[in-house]
Amino acid sequence: MRRLVLAAALGLVAGSCAGYLVQAGRTPDELPPLSQPTLAQAAGNGPAPLSAAQDHQVKVDGDLRELLLKKPDGTRANPAVESDDGWLDLTAYSELHTKPDVAFRELLGEEFRRAAVTSWIEAGDRTVEIRLIQFRQVEKQIVIDRAAAARDWAADDAHTRSWAVPGTGDGELFVHDRPDSRFGPGYQAEAHAWRGDIVLELWVYGPKPIPPTRVRELARQQMERL
């Protein structure tokens with residue numbers, strides 16, 4: 001039995017050696033070239049780069065205050081606006097909330113970047129205030145949730161009517177038909193929308209009910225600037 005196993009093993013070794021010798025005696029096959037043939041280039045010029053006015057990211061990375069609506073003719077500055085230079089840092093913006101300490105922590109977690117504000121007083125002592133709040137959005141897209149939360153809070157009143165803001169998808173404006181202590185003295189209207197990494201907060205308040213057409217036009221013009 002051992003002789004049979006040994007003979008079989010020797011046969012395998014002899015066969016392998018013979019196969020190696022046959023293969024070694026053959027001319028090697030030529031390997032394919034490593035480089036690929038040159039690809040033909042498309043004819044004609046490529047598209048021209050976008051101008052700063054057309055490139056959305058260039059626009060919103062500049063001076064955010066330049067994107068705010070300009071004060072209309074015939075209006076006067078609002079001395080009660082929360083900023084002297086148009087900027088709102090994290091602390092100043094947090095102070096505008098009912099619970100500033102909670103807002104501060106939330107805004108830190110939501111990657112708050114910066115905010116800008118403008119305000120003026122129209123005829124009839126009607127005040128307009130517009131804020132643009134920008135987020136870094138490195139880890140998550142927060143602007144959709146921020147705008148949705150603001151809309152939910154604005155709608156939480158039985159005497160409130162709402163309309164869509166044209167050209168914004170889910171942007172809405174709200175008119176509060178009676179004075180409410182949540183909104184301070186007088187009547188108030190507001191609009192909330194977003195575009196890219198910027199959230200819009202627009203407020204109009206005064207001693208008389210606010211016409212929704214005025215809020216809609218202001219919101220539409222501001223969103224067009226974004």
# chains A, B, ... in the order shown; residues from 1 in each chain; ligands from 1
$ residues_around --residues "Pro207 of chain A" --least-positions-apart "6" --cutoff "8 Å" --atoms "only C-alpha atoms" --output "VMD selection string"
chain A and resid 124 to 126 185 to 187
$ residues_around --residues "Arg105 of chain A" --least-positions-apart "3" --cutoff "12 Å" --atoms "only C-alpha atoms" --output "ChimeraX atom specification"
/A:90-91,93-95,99-102,108-112
$ write_last_selection --atoms "all heavy atoms" --output "compact mmCIF listing (two decimals), in the first residue's frame"
# COMPACT_ATOMS: atom_id res chain seq x y z
N LEU A 90 -24.63 85.65 17.62
CA LEU A 90 -25.38 84.56 18.24
C LEU A 90 -26.09 85.02 19.51
O LEU A 90 -27.26 84.70 19.74
CB LEU A 90 -24.44 83.40 18.55
CG LEU A 90 -25.04 82.18 19.25
CD1 LEU A 90 -26.20 81.62 18.46
CD2 LEU A 90 -23.98 81.11 19.47
N THR A 91 -25.40 85.79 20.33
CA THR A 91 -26.01 86.25 21.58
C THR A 91 -27.18 87.19 21.31
O THR A 91 -28.26 87.06 21.90
CB THR A 91 -24.96 86.95 22.45
OG1 THR A 91 -23.90 86.03 22.75
CG2 THR A 91 -25.58 87.45 23.74
N TYR A 93 -29.03 87.52 18.62
CA TYR A 93 -30.17 86.84 18.01
C TYR A 93 -30.89 85.96 19.04
O TYR A 93 -32.12 85.87 19.03
CB TYR A 93 -29.72 86.01 16.82
CG TYR A 93 -30.85 85.29 16.12
CD1 TYR A 93 -31.91 85.99 15.56
CD2 TYR A 93 -30.87 83.90 16.05
CE1 TYR A 93 -32.97 85.33 14.94
CE2 TYR A 93 -31.91 83.23 15.43
CZ TYR A 93 -32.96 83.95 14.88
OH TYR A 93 -34.00 83.29 14.28
N SER A 94 -30.14 85.32 19.92
CA SER A 94 -30.76 84.49 20.96
C SER A 94 -31.65 85.33 21.87
O SER A 94 -32.70 84.86 22.35
CB SER A 94 -29.69 83.78 21.78
OG SER A 94 -28.90 82.93 20.98
N GLU A 95 -31.25 86.57 22.13
CA GLU A 95 -32.02 87.45 23.02
C GLU A 95 -33.39 87.79 22.46
O GLU A 95 -34.28 88.25 23.18
CB GLU A 95 -31.24 88.73 23.29
CG GLU A 95 -30.00 88.55 24.15
CD GLU A 95 -30.33 88.15 25.58
OE1 GLU A 95 -31.45 88.50 26.04
OE2 GLU A 95 -29.50 87.49 26.23
N LYS A 99 -36.96 82.39 25.39
CA LYS A 99 -36.02 81.74 26.30
C LYS A 99 -34.62 81.82 25.69
O LYS A 99 -34.16 80.89 25.02
CB LYS A 99 -36.42 80.28 26.54
CG LYS A 99 -37.77 80.12 27.24
CD LYS A 99 -38.09 78.66 27.49
CE LYS A 99 -39.43 78.51 28.23
NZ LYS A 99 -39.77 77.08 28.46
N PRO A 100 -33.93 82.94 25.90
CA PRO A 100 -32.64 83.16 25.24
C PRO A 100 -31.60 82.08 25.53
O PRO A 100 -30.83 81.70 24.63
CB PRO A 100 -32.19 84.52 25.80
CG PRO A 100 -33.45 85.20 26.20
CD PRO A 100 -34.34 84.11 26.69
N ASP A 101 -31.54 81.58 26.76
CA ASP A 101 -30.53 80.57 27.08
C ASP A 101 -30.77 79.27 26.32
O ASP A 101 -29.82 78.65 25.81
CB ASP A 101 -30.51 80.30 28.59
CG ASP A 101 -31.87 79.90 29.14
OD1 ASP A 101 -32.89 80.26 28.51
OD2 ASP A 101 -31.91 79.24 30.19
N VAL A 102 -32.03 78.88 26.20
CA VAL A 102 -32.36 77.68 25.43
C VAL A 102 -32.07 77.91 23.95
O VAL A 102 -31.49 77.05 23.27
CB VAL A 102 -33.84 77.29 25.63
CG1 VAL A 102 -34.21 76.11 24.73
CG2 VAL A 102 -34.11 76.96 27.09
N LEU A 108 -26.37 76.94 18.68
CA LEU A 108 -25.01 76.39 18.61
C LEU A 108 -25.04 75.00 17.97
O LEU A 108 -24.22 74.68 17.10
CB LEU A 108 -24.40 76.30 20.00
CG LEU A 108 -23.69 77.54 20.54
CD1 LEU A 108 -23.18 77.26 21.94
CD2 LEU A 108 -22.55 77.97 19.62
N GLY A 109 -25.96 74.17 18.41
CA GLY A 109 -26.07 72.82 17.85
C GLY A 109 -26.55 72.81 16.41
O GLY A 109 -26.29 71.84 15.68
N GLU A 110 -27.23 73.86 16.00
CA GLU A 110 -27.76 73.93 14.64
C GLU A 110 -26.80 74.64 13.68
O GLU A 110 -27.16 74.93 12.55
CB GLU A 110 -29.10 74.66 14.65
CG GLU A 110 -30.18 73.88 15.36
CD GLU A 110 -31.45 74.70 15.60
OE1 GLU A 110 -31.41 75.94 15.42
OE2 GLU A 110 -32.48 74.11 15.96
N GLU A 111 -25.59 74.88 14.12
CA GLU A 111 -24.54 75.46 13.26
C GLU A 111 -24.91 76.87 12.78
O GLU A 111 -24.75 77.21 11.61
CB GLU A 111 -24.25 74.56 12.06
CG GLU A 111 -23.78 73.17 12.45
CD GLU A 111 -23.56 72.28 11.24
OE1 GLU A 111 -24.57 71.84 10.65
OE2 GLU A 111 -22.40 72.05 10.88
N PHE A 112 -25.39 77.69 13.72
CA PHE A 112 -25.64 79.10 13.41
C PHE A 112 -24.36 79.74 12.88
O PHE A 112 -23.29 79.58 13.45
CB PHE A 112 -26.12 79.82 14.67
CG PHE A 112 -26.23 81.32 14.53
CD1 PHE A 112 -27.41 81.90 14.12
CD2 PHE A 112 -25.15 82.14 14.84
CE1 PHE A 112 -27.53 83.28 14.00
CE2 PHE A 112 -25.25 83.52 14.74
CZ PHE A 112 -26.44 84.09 14.31
$ select_by_dssp --residues "segment 32-224 of chain A" --states "helix (DSSP H, G or I)" --output "PyMOL selection string"
chain A and resi 56-60+64-67+90-94+100-109+143-155+181-183+212-224
$ write_last_selection --atoms "N, CA and C atoms" --output "compact mmCIF listing (two decimals), in the first residue's frame"
# COMPACT_ATOMS: atom_id res chain seq x y z
N HIS A 56 -25.19 81.60 -6.88
CA HIS A 56 -25.89 81.77 -5.60
C HIS A 56 -24.94 81.71 -4.42
N GLN A 57 -23.96 80.80 -4.45
CA GLN A 57 -23.07 80.65 -3.30
C GLN A 57 -22.19 81.88 -3.12
N VAL A 58 -21.73 82.46 -4.23
CA VAL A 58 -20.94 83.68 -4.13
C VAL A 58 -21.78 84.79 -3.53
N LYS A 59 -23.03 84.85 -3.93
CA LYS A 59 -23.91 85.92 -3.44
C LYS A 59 -24.13 85.80 -1.94
N VAL A 60 -24.45 84.61 -1.46
CA VAL A 60 -24.80 84.47 -0.04
C VAL A 60 -23.57 84.42 0.86
N LEU A 64 -23.98 89.70 3.95
CA LEU A 64 -25.38 89.29 4.06
C LEU A 64 -26.31 90.49 4.14
N ARG A 65 -25.83 91.60 4.67
CA ARG A 65 -26.67 92.79 4.80
C ARG A 65 -27.06 93.36 3.45
N GLU A 66 -26.22 93.10 2.43
CA GLU A 66 -26.52 93.60 1.09
C GLU A 66 -27.71 92.89 0.46
N LEU A 67 -28.08 91.73 0.99
CA LEU A 67 -29.22 90.98 0.45
C LEU A 67 -30.55 91.40 1.07
N LEU A 90 -24.63 85.65 17.62
CA LEU A 90 -25.38 84.56 18.24
C LEU A 90 -26.09 85.02 19.51
N THR A 91 -25.40 85.79 20.33
CA THR A 91 -26.01 86.25 21.58
C THR A 91 -27.18 87.19 21.31
N ALA A 92 -26.97 88.16 20.41
CA ALA A 92 -28.01 89.14 20.12
C ALA A 92 -29.24 88.47 19.51
N TYR A 93 -29.03 87.52 18.62
CA TYR A 93 -30.17 86.84 18.01
C TYR A 93 -30.89 85.96 19.04
N SER A 94 -30.14 85.32 19.92
CA SER A 94 -30.76 84.49 20.96
C SER A 94 -31.65 85.33 21.87
N PRO A 100 -33.93 82.94 25.90
CA PRO A 100 -32.64 83.16 25.24
C PRO A 100 -31.60 82.08 25.53
N ASP A 101 -31.54 81.58 26.76
CA ASP A 101 -30.53 80.57 27.08
C ASP A 101 -30.77 79.27 26.32
N VAL A 102 -32.03 78.88 26.20
CA VAL A 102 -32.36 77.68 25.43
C VAL A 102 -32.07 77.91 23.95
N ALA A 103 -32.45 79.08 23.43
CA ALA A 103 -32.21 79.39 22.03
C ALA A 103 -30.71 79.39 21.72
N PHE A 104 -29.91 79.92 22.64
CA PHE A 104 -28.46 79.97 22.43
C PHE A 104 -27.90 78.56 22.25
N ARG A 105 -28.28 77.64 23.12
CA ARG A 105 -27.77 76.27 23.02
C ARG A 105 -28.25 75.59 21.74
N GLU A 106 -29.52 75.82 21.39
CA GLU A 106 -30.05 75.19 20.18
C GLU A 106 -29.35 75.72 18.93
N LEU A 107 -29.14 77.02 18.88
CA LEU A 107 -28.50 77.62 17.71
C LEU A 107 -27.06 77.14 17.56
N LEU A 108 -26.37 76.94 18.68
CA LEU A 108 -25.01 76.39 18.61
C LEU A 108 -25.04 75.00 17.97
N GLY A 109 -25.96 74.17 18.41
CA GLY A 109 -26.07 72.82 17.85
C GLY A 109 -26.55 72.81 16.41
N VAL A 143 -32.25 74.54 7.90
CA VAL A 143 -33.12 75.66 7.56
C VAL A 143 -34.58 75.22 7.36
N ILE A 144 -34.79 74.04 6.82
CA ILE A 144 -36.16 73.56 6.60
C ILE A 144 -36.88 73.41 7.94
N ASP A 145 -36.19 72.81 8.92
CA ASP A 145 -36.80 72.62 10.24
C ASP A 145 -37.02 73.95 10.94
N ARG A 146 -36.08 74.88 10.82
CA ARG A 146 -36.23 76.18 11.48
C ARG A 146 -37.45 76.92 10.93
N ALA A 147 -37.58 76.96 9.60
CA ALA A 147 -38.71 77.65 9.00
C ALA A 147 -40.03 76.97 9.35
N ALA A 148 -40.03 75.65 9.36
CA ALA A 148 -41.26 74.91 9.69
C ALA A 148 -41.68 75.16 11.13
N ALA A 149 -40.73 75.20 12.06
CA ALA A 149 -41.06 75.46 13.46
C ALA A 149 -41.63 76.87 13.64
N ALA A 150 -41.07 77.84 12.91
CA ALA A 150 -41.59 79.21 13.00
C ALA A 150 -43.01 79.29 12.44
N ARG A 151 -43.28 78.58 11.37
CA ARG A 151 -44.63 78.57 10.79
C ARG A 151 -45.62 77.93 11.76
N ASP A 152 -45.21 76.84 12.39
CA ASP A 152 -46.11 76.17 13.35
C ASP A 152 -46.44 77.09 14.51
N TRP A 153 -45.45 77.81 15.00
CA TRP A 153 -45.69 78.70 16.13
C TRP A 153 -46.60 79.86 15.73
N ALA A 154 -46.40 80.39 14.51
CA ALA A 154 -47.23 81.51 14.05
C ALA A 154 -48.68 81.07 13.86
N ALA A 155 -48.87 79.84 13.43
CA ALA A 155 -50.23 79.36 13.15
C ALA A 155 -50.98 78.94 14.40
N SER A 181 -51.06 88.95 23.32
CA SER A 181 -49.94 89.25 24.21
C SER A 181 -48.66 88.55 23.77
N ARG A 182 -48.79 87.45 23.03
CA ARG A 182 -47.58 86.77 22.54
C ARG A 182 -46.79 87.64 21.59
N PHE A 183 -47.49 88.55 20.91
CA PHE A 183 -46.87 89.35 19.87
C PHE A 183 -46.63 90.80 20.29
N PRO A 212 -52.75 91.72 4.38
CA PRO A 212 -51.90 90.62 3.92
C PRO A 212 -51.18 90.93 2.61
N THR A 213 -51.76 91.79 1.78
CA THR A 213 -51.10 92.12 0.51
C THR A 213 -49.75 92.79 0.75
N ARG A 214 -49.64 93.60 1.80
CA ARG A 214 -48.37 94.25 2.09
C ARG A 214 -47.32 93.24 2.54
N VAL A 215 -47.71 92.30 3.37
CA VAL A 215 -46.78 91.27 3.84
C VAL A 215 -46.34 90.38 2.69
N ARG A 216 -47.28 90.01 1.83
CA ARG A 216 -46.95 89.15 0.69
C ARG A 216 -45.95 89.82 -0.23
N GLU A 217 -46.14 91.10 -0.50
CA GLU A 217 -45.24 91.81 -1.40
C GLU A 217 -43.84 91.94 -0.80
N LEU A 218 -43.77 92.26 0.48
CA LEU A 218 -42.47 92.36 1.13
C LEU A 218 -41.74 91.02 1.11
N ALA A 219 -42.44 89.94 1.45
CA ALA A 219 -41.82 88.62 1.47
C ALA A 219 -41.37 88.21 0.07
N ARG A 220 -42.20 88.48 -0.92
CA ARG A 220 -41.84 88.12 -2.30
C ARG A 220 -40.59 88.88 -2.74
N GLN A 221 -40.53 90.17 -2.48
CA GLN A 221 -39.37 90.96 -2.89
C GLN A 221 -38.10 90.50 -2.17
N GLN A 222 -38.23 90.20 -0.87
CA GLN A 222 -37.05 89.77 -0.14
C GLN A 222 -36.53 88.43 -0.63
N MET A 223 -37.41 87.48 -0.89
CA MET A 223 -36.97 86.19 -1.36
C MET A 223 -36.36 86.27 -2.76
N GLU A 224 -36.83 87.19 -3.59
CA GLU A 224 -36.24 87.37 -4.91
C GLU A 224 -34.79 87.84 -4.79
$ select_by_dssp --residues "segment 58-222 of chain A" --states "strand (DSSP E)" --output "PyMOL selection string"
chain A and resi 76-77+87-88+112-122+126-135+160-164+172-176+187-195+198-206
$ closest_residue --among "A:Glu172, A:Asp156, A:Asp85, A:Asp197" --to "Ile133 of chain A" --atoms "only C-alpha atoms"
A:Asp197
$ atom_distance --atom1 "atom CA of Val165 of chain A" --atom2 "atom CA of Pro179 of chain A"
22.9 Å
$ closest_residue --among "A:Arg131, A:Lys70, A:Lys140, A:Arg195" --to "Gly167 of chain A" --atoms "only C-alpha atoms"
A:Arg195
